[in-house]
Amino acid sequence: MRRAPVRGRRETPRERDDRNFAELLQELRVTQTGVQILFAFLLILAFSARFPVLDGFQRGTYLTTLLLAMAASILFTAPAALHRGLFRRGAKRHIVEVSSRLAAFGLGALGLALTGSLLLVVDVVVSRTAGLLAAAGAFLACTGLWVVLPRRLARRLARRPGTARRRMSTTEFHGPGH
């Protein structure tokens, strides 16, 4: 038997802020580990035997990708620092709003870092053309799954009968199953 979806939570604004921040932190735990592994991988590449033979394009791709991975790592850890800096100051809503934006920028940097990493590896292993095609595919996949799909689903949910048509505030995060 299927249960009817709950249309609204019975929670105070403070409880909602706490829940939203907890959900955001859980999302960041998932992405942060991957970013840290990618960043570590990129750091050790410069010390590999084959690194000196990279051409200018490959070195530029490497440095750009390394910087993007570092930026993603910084953006994904910033919410914890923000929370620590504003702890017990009654600023949870602000922390959640700013942290949400930081996470969104972090996803953008991560998508570009993943794209650049794939470009570099496929360029070195196969060819420049194959690397550019693989990178374009990676970029389209990240954009499609991380931007286009959520927006389409949000629009579809807003058009469903009986669904309140309202603009979500930046403090509300809805992942799968919410």
# chains A, B, ... in the order shown; residues from 1 in each chain; ligands from 1
>>> residues_around(residues="stretch 93-106 of chain A", least_positions_apart="6", cutoff="8 Å", atoms="only C-alpha atoms", output="PyMOL selection string")
chain A and resi 14+17+20-21+24+28+71-76+78-79+82-83+86+170-171
>>> write_last_selection(atoms="C-alpha atoms", output="mmCIF file, in the first residue's frame")
data_model
loop_
_atom_site.group_PDB
_atom_site.id
_atom_site.type_symbol
_atom_site.label_atom_id
_atom_site.label_comp_id
_atom_site.auth_asym_id
_atom_site.auth_seq_id
_atom_site.Cartn_x
_atom_site.Cartn_y
_atom_site.Cartn_z
ATOM 1 C CA ARG A 14 14.845 26.931 13.416
ATOM 2 C CA ASP A 17 17.299 25.484 9.266
ATOM 3 C CA ASN A 20 18.566 21.870 5.952
ATOM 4 C CA PHE A 21 22.077 22.335 7.290
ATOM 5 C CA LEU A 24 23.644 19.968 3.172
ATOM 6 C CA LEU A 28 29.008 17.646 1.129
ATOM 7 C CA ALA A 71 38.821 25.378 -5.474
ATOM 8 C CA ALA A 72 36.158 22.659 -5.220
ATOM 9 C CA SER A 73 37.786 21.307 -2.070
ATOM 10 C CA ILE A 74 37.879 24.773 -0.509
ATOM 11 C CA LEU A 75 34.261 25.493 -1.471
ATOM 12 C CA PHE A 76 33.047 22.162 -0.079
ATOM 13 C CA ALA A 78 33.882 26.325 3.634
ATOM 14 C CA PRO A 79 30.447 25.568 5.173
ATOM 15 C CA LEU A 82 31.480 29.220 8.286
ATOM 16 C CA HIS A 83 29.489 27.261 10.858
ATOM 17 C CA LEU A 86 29.352 31.796 13.493
ATOM 18 C CA THR A 170 17.485 29.141 -0.760
ATOM 19 C CA THR A 171 17.274 27.496 2.649
#
>>> atom_distance(atom1="atom CA of A:Gly60", atom2="atom CA of A:Leu118")
13.7 Å
>>> closest_residue(among="A:Leu157, A:Leu107, A:Val121, A:Gly137", to="A:Glu27", atoms="only C-alpha atoms")
A:Leu107
>>> atom_distance(atom1="atom CA of A:Arg9", atom2="atom CA of A:Arg88")
24.8 Å
>>> residues_around(residues="stretch 46-52 of chain A", least_positions_apart="3", cutoff="10 Å", atoms="only C-alpha atoms", output="JSON list (two decimals) with C-alpha atoms, in the first residue's frame")
[["chain", "number", "residue", "atom", "x", "y", "z"],
["A", 41, "PHE", "CA", 45.75, 12.13, -7.62],
["A", 42, "LEU", "CA", 46.47, 15.38, -9.44],
["A", 43, "LEU", "CA", 49.12, 16.37, -6.90],
["A", 55, "ASP", "CA", 53.31, 19.41, -24.01],
["A", 58, "GLN", "CA", 48.67, 19.17, -21.37],
["A", 59, "ARG", "CA", 50.54, 21.15, -18.71],
["A", 62, "TYR", "CA", 46.91, 19.88, -15.66],
["A", 63, "LEU", "CA", 47.44, 23.17, -13.81],
["A", 124, "VAL", "CA", 47.97, 11.58, -23.00]]
>>> residues_around(residues="A:Met70", least_positions_apart="6", cutoff="10 Å", atoms="only C-alpha atoms", output="ChimeraX atom specification")
/A:35-36,38-40,42,64,76,106,109-110,113
>>> select_by_dssp(residues="chain A", states="helix (DSSP H, G or I)", output="number ranges by chain")
A: 13-45, 51-53, 56-85, 92-125, 128-159
